[in-house]
Amino acid sequence: MDLFTKAKDLGIQPDFIDALGNHRVTSETALKIIIDALPVRTPTRFLDEAVVIRSGRPARSEFKQAAKLPLRWKIEADLKVIAQGEAHEPVVAWPPDLPEGNYRLQLTDASSFTEEAPLIVAPAKAFSGDFDRCWLLAVQLYGIKSARNWGIGDFTDLEGLIELARHLGADGVGLNPLHALFDDRPADCSPYSPNSRLFLNALYIDVEKLPGFQRAFERKDMLARLRASDTVDYAAVAEQKWRALRFAFDSFKVNPEGERRQDFERFRAERAPLLSRFACFEVLRRKFNRPWWEWPEEWRQPDEASCARLRQGADRDEIEFVEFVQWIADRQLAACQALAKSQGMKVGLYLDVAVGVQSNGFDAWNEQTAISRRLAVGAPPDALNTAGQDWGLAGFNAAGLEIKSFEPYREMLQASMRHAGAIRLDHVLGLKRLYLVPQGFAPDSGAYVRMPFEALLAATAQESVAHRCVVIGEDLGTVPEGFREEMADWGIWSYQVMMFERDNHGRFRGIDHYKPNALVTFNTHDLSTYAGWRSFSDLKLKRSLGIDPGESDEARWHALTMLSDALRHHAIDGHDLYAVAGFLARTKSRLLAISLEDLLGVIDQPNIPGTVNEHPNWRRRLPLALDEIAAAIDVAALERATAARMHAAV
C-alpha cells in the first residue's frame, strides 16, 4: 500500500484546495510523520465509526460487507447488557427507547469474530437557551485595571464587570479562555495556549478575599507599580500572588476542620480523579524541569498507583496546595456566575474554549491516546495569513477519542460549562477535520485529518443539555460544504463576524443575512478594534512588523465606504461604534457581543496572529480603571443602539 492510499484509509486528506484557491499536496516526508504520530488504528470489520442515536428519532446502521451474517449485537453500560439482538441483514434498526447515555456496542458475526464500538444516545439538539435576543459585554479579563487588583484583572473585577454589564443593559459577560497556563513561564501568557483546559488560571484569584490573607508580607511599592502598568507583568504578578496563596494555604492547614475543609473535600471528590492527577503533574514538572516525555520512565504516563504513592510521600503538602488553589479559583468563578444569575442575566458568563493544548502540559500528559503531541493544530494559507498558521497546540485525534469512547472530549466540555451559560468552541471546524502540521515544518506543509464529527456533535449536545449551556462554534475560515447546516441541525450556534460578512464586491451583508441561532459581533480578539480599523492603525502596525496585512489602504477605504452604505441602507445615521452596534442589534441573531475595547475607543488589538514578542499580545490593559469605565461610555447612545435587546434591570 502506497503512502497516500494509507493516509486516506486513516482519514488523512493529503491534497486540498486552500482558501486562496490554490491546490496543495502534502509532501511524503510530512505525511509520513503525520501517519506515524497518530495512534495505531485497527481496521474495523463491521462499522466505520461510532453509532450515534438521537433521542426520539429512528436510527439504523449498515454493516460492512466483511460481516458474516447473522450478526449478534449487545449494548452494554457498566458491564450490564441493556439491549441485545441479532441482525440477519446488513442493517440494524436500533431500539427506539434507549436512555440517553454512553454505551459500548459489542458485535459478533457468524465466524465468531467480535469487535466493539462506542454507542452514544444523545438529545436531538443541544440546549438552545431560554431567552429571545440579548447582548453581552466582551472583555479580556487580564486587562482590567482597578484600584485594588494586583496588576491583572481578577474574579472580584469580574463581579464588577457583571455589575457594569447589568448597568449597560447587557445579559452577560464574555471572557477570554480562563484555562490553566504555566504559572512559572510568564512568556506563555496566551489564554489560547493552555497547560490544561480542565482547570483554571490561578492568577485570576483575588487573594485578598482569602481567609488567612495577611497584608504584612505585601510589597506596596511593587503592587503600586503593577497596578499602574499599561501591560500585565505576568512574572511579577505571579510572584506576588503565589506568595499570598502560600500564606492562605498555611492558614487553611492550621484549621483542619470546619465548613471550608468540608467544601474543599467536596471539591476534591467532584473533580476526582483529574484534580489529583493535575496536582501530581504540577509537582512533577517543577521537580524535573523538562518536558514530561523526558521524565523518568515511571512518570511518563499517569498512573494511579504511582500518584497515590506521591500523595503519601514528601510531596503531599505540595499536591494539596495545587488542589487548594484550584478549589479557590473554582469557587470564586462560581460566585461570579451566581451573581450574574441573581441579577436576572439571561446568559451570565460566556466562556471561550481553546482549540488545543500545549504538548508539554497536563492534558497532553494525562491523555496520550486521544491527544497527538507531535502534531500542531493550525490552518492553511488564507487572505489574512498568507503563509498559513501553526498554533503550536496539540489537539484530539479521532482514533484515540474512539478508543476512549470520547470521554476526554466530554471532560473538557464539562470543565468549560461548569460555571457558564454559554461557551464558544474556538475553531469548531476541528470537530470535523483538523489541519495538522508536523513539528518543525512550515505551516503550509500540513494535511487535514478527518474527525468523528457526528459523535462529537452528539457528545456536545449531551453536555450542553446537562449543563443548560448554549454552545457557539467559531466557524470561520475554510468551511467544508454542509458543515454549518449539520452543526445547526444539532443545535450548535454559529459565530458571525461582521468584518467577514461581505459579498464578492466587498459589500457588507444586510441585517436579514444573520442567523437567529448565532452570536454576532463586529470583530474578534485576533482582529483590529473598531477604532484601529477606522484609523488604519492595524495595517500600519503589521507593515511595521514585516507582516503582510492582507489588505491595501485602497481596500480599506473601500470597506469604510461599504460600511457607510450598509448603515445608510438601514436608516442608521453616522458610522461610529454605536451605529455599528445598532446595526448588529437589529439582526435576528439571538446573541450580540460588544467588546469593551471598542466601547472605550481602544486602538490596539489584544493579539496579532503571527507575532510572539513583536507585539504585547495578551498583555495590554485597558486605559481606564473599572470604576471609571461607565462614565467614559455614552450610555444613552448604547441604550438606543441596543434597545431591542436590552436587559431589564431587577
# chains A, B, ... in the order shown; residues from 1 in each chain; ligands from 1
call {"tool": "select_by_dssp", "arguments": {"residues": "range 106-341 of chain A", "states": "strand (DSSP E)", "output": "number ranges by chain"}}
result
A: 106-108, 114-122, 134-139, 172-175, 179-180, 196-200
call {"tool": "write_last_selection", "arguments": {"atoms": "C-alpha atoms", "output": "compact mmCIF listing (two decimals), in the first residue's frame"}}
result
# COMPACT_ATOMS: atom_id res chain seq x y z
CA GLN A 106 -20.40 -5.42 21.06
CA LEU A 107 -20.78 -7.09 17.66
CA THR A 108 -20.14 -10.78 16.88
CA THR A 114 -16.04 -9.84 17.83
CA GLU A 115 -15.36 -6.13 17.90
CA GLU A 116 -16.59 -3.20 19.95
CA ALA A 117 -17.58 0.37 19.14
CA PRO A 118 -18.87 3.35 21.14
CA LEU A 119 -22.60 3.95 21.04
CA ILE A 120 -23.97 7.36 22.01
CA VAL A 121 -27.62 8.14 22.71
CA ALA A 122 -27.86 11.93 22.66
CA CYS A 134 -29.79 39.83 24.22
CA TRP A 135 -26.28 41.24 24.18
CA LEU A 136 -23.05 40.53 26.03
CA LEU A 137 -20.13 42.69 27.10
CA ALA A 138 -16.93 41.04 25.75
CA VAL A 139 -13.84 41.52 27.91
CA GLY A 172 -23.80 38.59 30.42
CA VAL A 173 -20.04 38.99 30.17
CA GLY A 174 -17.94 37.20 27.54
CA LEU A 175 -14.39 36.33 28.54
CA HIS A 179 -7.66 27.83 31.28
CA ALA A 180 -4.69 26.93 33.45
CA SER A 196 -4.81 22.43 30.67
CA ARG A 197 -8.36 23.11 29.51
CA LEU A 198 -9.62 21.14 32.52
CA PHE A 199 -8.50 23.61 35.21
CA LEU A 200 -8.33 27.36 35.85
call {"tool": "residues_around", "arguments": {"residues": "range 208-213 of chain A", "least_positions_apart": "2", "cutoff": "7 Å", "atoms": "only C-alpha atoms", "output": "ChimeraX atom specification"}}
result
/A:206,215,244,247-248,251
call {"tool": "closest_atom_pairs", "arguments": {"of": "range 579-644 of chain A", "to": "range 508-521 of chain A", "cutoff": "12 Å", "atoms": "only C-alpha atoms", "output": "CSV"}}
result
residue,atom,partner,partner_atom,distance
A:Val580,CA,A:Thr521,CA,9.6
A:Ala581,CA,A:Thr521,CA,8.5
A:Gly582,CA,A:Ile511,CA,10.5
A:Phe583,CA,A:Ile511,CA,7.1
A:Leu584,CA,A:Val520,CA,7.0
A:Ala585,CA,A:Val520,CA,8.8
A:Arg586,CA,A:Ile511,CA,6.7
A:Thr587,CA,A:Ile511,CA,5.0
A:Lys588,CA,A:Pro516,CA,4.8
A:Ser589,CA,A:Pro516,CA,4.0
A:Arg590,CA,A:Pro516,CA,5.6
A:Leu591,CA,A:Leu519,CA,4.6
A:Leu592,CA,A:Val520,CA,4.9
A:Ala593,CA,A:Thr521,CA,5.2
A:Ile594,CA,A:Thr521,CA,6.4
A:Ser595,CA,A:Thr521,CA,8.5
A:Asp598,CA,A:Thr521,CA,11.1
call {"tool": "closest_residue", "arguments": {"among": "A:Leu245, A:Leu79, A:Met562, A:Ala93", "to": "His575 in chain A", "atoms": "only C-alpha atoms"}}
result
A:Met562
call {"tool": "select_by_dssp", "arguments": {"residues": "range 64-268 of chain A", "states": "alpha helix (DSSP H)", "output": "ChimeraX atom specification"}}
result
/A:155-168,220-228,234-254,259-268
call {"tool": "atom_distance", "arguments": {"atom1": "CA of Leu599 in chain A", "atom2": "CA of Arg534 in chain A"}}
result
14.0 Å
call {"tool": "closest_residue", "arguments": {"among": "A:Glu49, A:Glu28, A:Asp573, A:Glu282", "to": "Asp363 in chain A", "atoms": "only C-alpha atoms"}}
result
A:Glu282
call {"tool": "residues_around", "arguments": {"residues": "Leu563 in chain A", "least_positions_apart": "3", "cutoff": "10 Å", "atoms": "only C-alpha atoms", "output": "list in words"}}
result
Met498, Met499, Arg502, Gly506, Arg507, Phe508, Arg509, Trp557, His558, Ala559, Leu560, Ala566, Leu567, Arg568, His569, His575 and Val580 of chain A
call {"tool": "write_last_selection", "arguments": {"atoms": "N, CA and C atoms", "output": "compact mmCIF listing (two decimals), in the first residue's frame"}}
result
# COMPACT_ATOMS: atom_id res chain seq x y z
N MET A 498 -19.02 40.50 11.64
CA MET A 498 -19.43 41.45 10.61
C MET A 498 -18.29 41.77 9.64
N MET A 499 -17.07 41.84 10.14
CA MET A 499 -15.93 42.12 9.27
C MET A 499 -15.85 41.15 8.09
N ARG A 502 -19.28 39.85 4.08
CA ARG A 502 -19.28 40.74 2.92
C ARG A 502 -19.35 39.89 1.65
N GLY A 506 -17.29 43.25 -1.81
CA GLY A 506 -16.91 43.95 -0.60
C GLY A 506 -18.06 44.59 0.14
N ARG A 507 -19.28 44.40 -0.35
CA ARG A 507 -20.43 45.00 0.31
C ARG A 507 -20.79 44.22 1.58
N PHE A 508 -21.06 44.97 2.66
CA PHE A 508 -21.49 44.33 3.91
C PHE A 508 -22.89 43.78 3.73
N ARG A 509 -23.09 42.57 4.21
CA ARG A 509 -24.39 41.93 4.06
C ARG A 509 -25.41 42.58 5.00
N TRP A 557 -10.20 51.73 2.42
CA TRP A 557 -11.09 52.86 2.11
C TRP A 557 -12.40 52.36 1.50
N HIS A 558 -12.28 51.36 0.64
CA HIS A 558 -13.48 50.78 0.03
C HIS A 558 -14.37 50.15 1.11
N ALA A 559 -13.74 49.45 2.07
CA ALA A 559 -14.51 48.81 3.14
C ALA A 559 -15.24 49.85 3.98
N LEU A 560 -14.58 50.97 4.27
CA LEU A 560 -15.22 52.03 5.05
C LEU A 560 -16.42 52.61 4.30
N ALA A 566 -23.95 50.45 3.97
CA ALA A 566 -24.80 49.46 4.65
C ALA A 566 -25.59 50.11 5.78
N LEU A 567 -24.94 50.98 6.53
CA LEU A 567 -25.63 51.64 7.63
C LEU A 567 -26.73 52.57 7.11
N ARG A 568 -26.41 53.33 6.07
CA ARG A 568 -27.42 54.24 5.50
C ARG A 568 -28.60 53.46 4.92
N HIS A 569 -28.29 52.30 4.32
CA HIS A 569 -29.35 51.48 3.73
C HIS A 569 -30.36 51.04 4.79
N HIS A 575 -21.40 56.65 11.59
CA HIS A 575 -20.64 55.42 11.40
C HIS A 575 -19.73 55.15 12.60
N VAL A 580 -22.71 50.98 14.47
CA VAL A 580 -22.46 49.58 14.13
C VAL A 580 -23.18 48.67 15.12
call {"tool": "atom_distance", "arguments": {"atom1": "CA of Leu31 in chain A", "atom2": "CA of Phe406 in chain A"}}
result
25.5 Å
call {"tool": "residues_around", "arguments": {"residues": "range 619-630 of chain A", "least_positions_apart": "2", "cutoff": "6 Å", "atoms": "only C-alpha atoms", "output": "NGL selection string"}}
result
:A and (143-146 or 230-232 or 616-617 or 632-633)
call {"tool": "closest_atom_pairs", "arguments": {"of": "range 321-379 of chain A", "to": "range 293-297 of chain A", "cutoff": "12 Å", "atoms": "only C-alpha atoms", "output": "Markdown table"}}
result
| residue | atom | partner | partner_atom | distance |
| --- | --- | --- | --- | --- |
| A:Ser359 | CA | A:Trp293 | CA | 9.9 |
| A:Asn360 | CA | A:Trp293 | CA | 8.1 |
| A:Gly361 | CA | A:Trp293 | CA | 10.7 |
| A:Phe362 | CA | A:Trp293 | CA | 11.7 |
| A:Ala364 | CA | A:Trp293 | CA | 10.3 |
| A:Trp365 | CA | A:Trp293 | CA | 8.2 |
| A:Asn366 | CA | A:Trp293 | CA | 11.7 |
| A:Gln368 | CA | A:Trp293 | CA | 10.6 |
| A:Arg373 | CA | A:Trp293 | CA | 10.1 |
| A:Arg374 | CA | A:Trp293 | CA | 11.3 |
call {"tool": "closest_residue", "arguments": {"among": "A:Val357, A:Leu476, A:Leu577, A:Leu164", "to": "Val602 in chain A", "atoms": "only C-alpha atoms"}}
result
A:Leu577
call {"tool": "closest_residue", "arguments": {"among": "A:Arg433, A:His427, A:His419, A:Arg331", "to": "Gly473 in chain A", "atoms": "only C-alpha atoms"}}
result
A:His427
call {"tool": "residues_around", "arguments": {"residues": "range 313-326 of chain A", "least_positions_apart": "4", "cutoff": "8 Å", "atoms": "only C-alpha atoms", "output": "count of residues only"}}
result
16
call {"tool": "atom_distance", "arguments": {"atom1": "CA of Gly601 in chain A", "atom2": "CA of Asp576 in chain A"}}
result
10.0 Å
call {"tool": "residues_around", "arguments": {"residues": "Pro58 in chain A", "least_positions_apart": "6", "cutoff": "9 Å", "atoms": "only C-alpha atoms", "output": "PyMOL selection string"}}
result
chain A and resi 93-96
call {"tool": "write_last_selection", "arguments": {"atoms": "C-alpha atoms", "output": "mmCIF file, in the first residue's frame"}}
result
data_model
loop_
_atom_site.group_PDB
_atom_site.id
_atom_site.type_symbol
_atom_site.label_atom_id
_atom_site.label_comp_id
_atom_site.auth_asym_id
_atom_site.auth_seq_id
_atom_site.Cartn_x
_atom_site.Cartn_y
_atom_site.Cartn_z
ATOM 1 C CA ALA A 93 -32.630 -0.681 13.450
ATOM 2 C CA TRP A 94 -31.591 0.227 16.990
ATOM 3 C CA PRO A 95 -34.099 0.122 19.867
ATOM 4 C CA PRO A 96 -36.070 3.409 19.969
#
call {"tool": "residues_around", "arguments": {"residues": "Val497 in chain A", "least_positions_apart": "3", "cutoff": "8 Å", "atoms": "only C-alpha atoms", "output": "list in words"}}
result
Phe500, Glu501, Val520, Thr521, Phe522, Asn523 and Thr524 of chain A
call {"tool": "closest_residue", "arguments": {"among": "A:Gln462, A:Gln240, A:Ser112, A:Ser535", "to": "Glu411 in chain A", "atoms": "only C-alpha atoms"}}
result
A:Gln462
call {"tool": "closest_residue", "arguments": {"among": "A:Ala354, A:Cys469, A:Val437, A:Ala415", "to": "Gly388 in chain A", "atoms": "only C-alpha atoms"}}
result
A:Val437
